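Written below as structure tokens is the structure these notes are about.
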Amino acid sequence: MSYFESNLAVLQERFPNTVNILNQFEQNKENTATPVLEPLEKDQDWLNAVKGSVGDMNIIFVHGFGRGIGLADLIEMYPDRYFIVYEPNASSFYTVMQQYELDELLKWPKILWFSIGEFQLKMLFNRICTYMNEELAFVALRHYLENGMQELQKLREDFIDYRNLFESNRSTEKLFQKTWLTNSVNQLAEMIHSPSIFELAGSLKGSTAVIVASGPSLEQDIEWIKKFLPHALVISAGSSIQALVKYGIKPHISTVMDGGEINEDIFSMEGTLDSSLFYVSSAYPISKRKLDDSFYSIVQNDVISKYLLGNSNENFEILPTPTVTGTAIQVATLLGANKIILTGQDLSFQNDKFYTAGIEHAYGPHVDQIVQQSKHYVKNVFGEYNRTTNAFLMMKDSLESLISNIPSVNFINATRGGAEILGTSWKSAEEVYEEIKNQSIQENVIRELIQHRNQVNRSEKSKETLKVLEQKIEKVLSESLEVQGELRQLKRQIDKLPELSRNKVLKAWKSLEDIESAWAKVVAREWFNPIFETVLSDQLNNFDRELPKIIVETEIRKKATLVYEHLGNLVSGISAELPWVQQILQDGVVEVHRFNRKG
């Protein structure tokens, strides 16, 4: 096995986002470049300078890979730290992959992510912001320090700008956390009666899937979607179901991700519920959906559903994405599609239009205002530029990140005039049809799969699972009443602590021990984290950040003040939210009883 093959095998397993880029170089070998030079001996001056940049930060962003020598020295110096590696020169990295044995270095378990080429930079930013809250130490190989200082400074500034925008969007999402929790609890019983996407996994292995979004370009290709139907699995993403129904198209699957009531409006239109329905656990429950023609998945960040259903296996979750197209991609992939066609995925405004014709839930001056006030532009598949928004750009980054992690699937962007999407190749609908016209797929294939799964011991299994779910919810309700009393007592102790620390020091220390013991009892309940990590995530994170200070503080007055301010605020927040949590769980029990009566 050559160096390139053994190195590529490691990347395929650990960093699949790099594989497609490297394979392109393998097919077009004249585009290679000389690797970035690194001294063979240890560069001690550079390592000493690095220490000043890293300090006690736990995650190191390394700009440049070169021949891997500098990264190996960093790992030796910081074996307990985590690394994110970005090599801007993809051609150079390809050459290194051919000339050196890198598999052991690339296997280092504390390399979290590895990206190559400037087109993967935004995708890397998206991952960092999605999965990390810690500050990064930025370190560059000597070559980049000496030859590209301005580019390094710009990279850091671009990351800060991206993180600020990401955090702004995340703050908006936090407003919907209670809504998502409510949705999850309200449809737990329905999920028990429906098969999971993972029960159907691989059923359509080797198929082609066409994912239809609701961008303005869809009007140009709607007739081609009709022609695709007998040959490919057609999946509508969110509101695009309205446009498809208007033109007499019944997709094999319609997908629901949004947690808002807008879904009720979208699917109130006649014909929109004729297709098999896939929904995520935190989506808004559509009242008229057919349970015998629905399937679902728990979302990775839906810890409530995972706890109450006893599902802790990460293999039975899908990743949350800011666009329902990301959900549809995962559905297609899990069902076994090895080619995915994206249509209507404009991620921009063509001819100053937001949606395609037929989308009835969104219209009016506010939509026009969004279009007219958009200040950003994105390159489209024809090399021109479309007006777009920050939100669409974030969706684009998220889709590119998702696509980069599925190298086994061939992604084709058939969105005529839509945004260029990294990891896809552009082909017109006409060309796509020529590729798939000899394939075939049954009209009711998904419905038949769902009904088959429902016949396999589902009735008895559902009754047993519903009973366990009911017992679990009632246990949480019972224990939450106990916690209410414990929190009232705990708050009284905390409120007295500052005065005790000034006048009765020994009693203050004893009170601190009692407070610590009482708080430990509250958080020890197995349902505490799943519920309050959702409802009060910011407050819990703030307290976790302050906890080390509280623990190491030895002066009683300062320690008492810290406990009063930080734990006191958190206890008050939990106490305020508990009645709402109890009401949601009581509503969940009502739903379980309703399904038990049906059964």
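In the structure tokens, chains take the letters A, B, ... in the order shown, each chain's residues start at 1, and ligands count up from 1 in the order shown.
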
- Query: Near stretch 289-306 of chain A, counting only C-alpha atoms, which residues have an atom at most 9 Å away, once you skip same-chain residues fewer than 2 positions from it, shown as a VMD selection string?
  - Reply: chain A and resid 180 to 181 184 to 185 188 190 to 191 193 to 198 267 273 to 282 285 to 287 308 to 314 316 to 320 446 to 448 450 to 451 454 527 529 to 531 533 to 534

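Residue nearest A:Thr179, chosen from A:Tyr433, A:Gly260, A:Leu469, A:Phe382 and counting only C-alpha atoms: A:Gly260.
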
- Surrounding residues of A:Asn58 excluding itself and chain neighbours under 3 positions, 8 Å, only C-alpha atoms, as a PyMOL selection string: chain A and resi 81-82+134+136-137

Taking all heavy atoms for each residue, export the selection above as a compact mmCIF listing (two decimals), in the first residue's frame.
# COMPACT_ATOMS: atom_id res chain seq x y z
N ARG A 81 -3.58 18.71 25.19
CA ARG A 81 -4.44 19.71 24.54
C ARG A 81 -5.11 19.11 23.30
O ARG A 81 -4.70 18.08 22.78
CB ARG A 81 -3.63 20.95 24.13
CG ARG A 81 -2.74 21.52 25.24
CD ARG A 81 -3.51 22.11 26.40
NE ARG A 81 -2.61 22.53 27.46
CZ ARG A 81 -2.11 23.77 27.57
NH1 ARG A 81 -2.41 24.70 26.68
NH2 ARG A 81 -1.31 24.06 28.58
N TYR A 82 -6.13 19.84 22.83
CA TYR A 82 -6.84 19.43 21.63
C TYR A 82 -6.44 20.33 20.45
O TYR A 82 -6.12 21.51 20.65
CB TYR A 82 -8.36 19.51 21.84
CG TYR A 82 -8.85 18.50 22.83
CD1 TYR A 82 -8.98 18.82 24.18
CD2 TYR A 82 -9.18 17.20 22.43
CE1 TYR A 82 -9.42 17.88 25.11
CE2 TYR A 82 -9.62 16.25 23.34
CZ TYR A 82 -9.74 16.60 24.67
OH TYR A 82 -10.17 15.67 25.58
N GLU A 134 -15.32 27.17 24.03
CA GLU A 134 -14.04 27.62 24.58
C GLU A 134 -13.30 28.56 23.63
O GLU A 134 -13.49 28.53 22.42
CB GLU A 134 -13.15 26.41 24.87
CG GLU A 134 -13.67 25.50 25.97
CD GLU A 134 -12.68 24.40 26.28
OE1 GLU A 134 -11.53 24.72 26.60
OE2 GLU A 134 -13.06 23.22 26.20
N LEU A 136 -10.11 29.81 21.54
CA LEU A 136 -9.08 29.09 20.81
C LEU A 136 -7.75 29.82 20.88
O LEU A 136 -7.70 31.05 20.86
CB LEU A 136 -9.46 28.96 19.33
CG LEU A 136 -10.78 28.28 18.97
CD1 LEU A 136 -10.94 28.26 17.46
CD2 LEU A 136 -10.84 26.88 19.53
N ALA A 137 -6.66 29.05 20.95
CA ALA A 137 -5.32 29.61 20.78
C ALA A 137 -4.95 29.46 19.31
O ALA A 137 -4.96 28.35 18.77
CB ALA A 137 -4.33 28.86 21.66

- Note on the structure: Pairwise distance, atom CA of A:Thr95 with atom CA of A:Gly66, equals 10.0 Å

- Distance of atom CA of A:Val483 from atom CA of A:Arg525, expressed in Å to one decimal place: 9.3 Å

- Would you give me, as a PyMOL selection string, the residues in stretch 137-385 of chain A that DSSP reads as strand (DSSP E)? chain A and resi 137-140+208-212+233-237+253-256+276-280+294-299+317-318+339-343+376-379+385
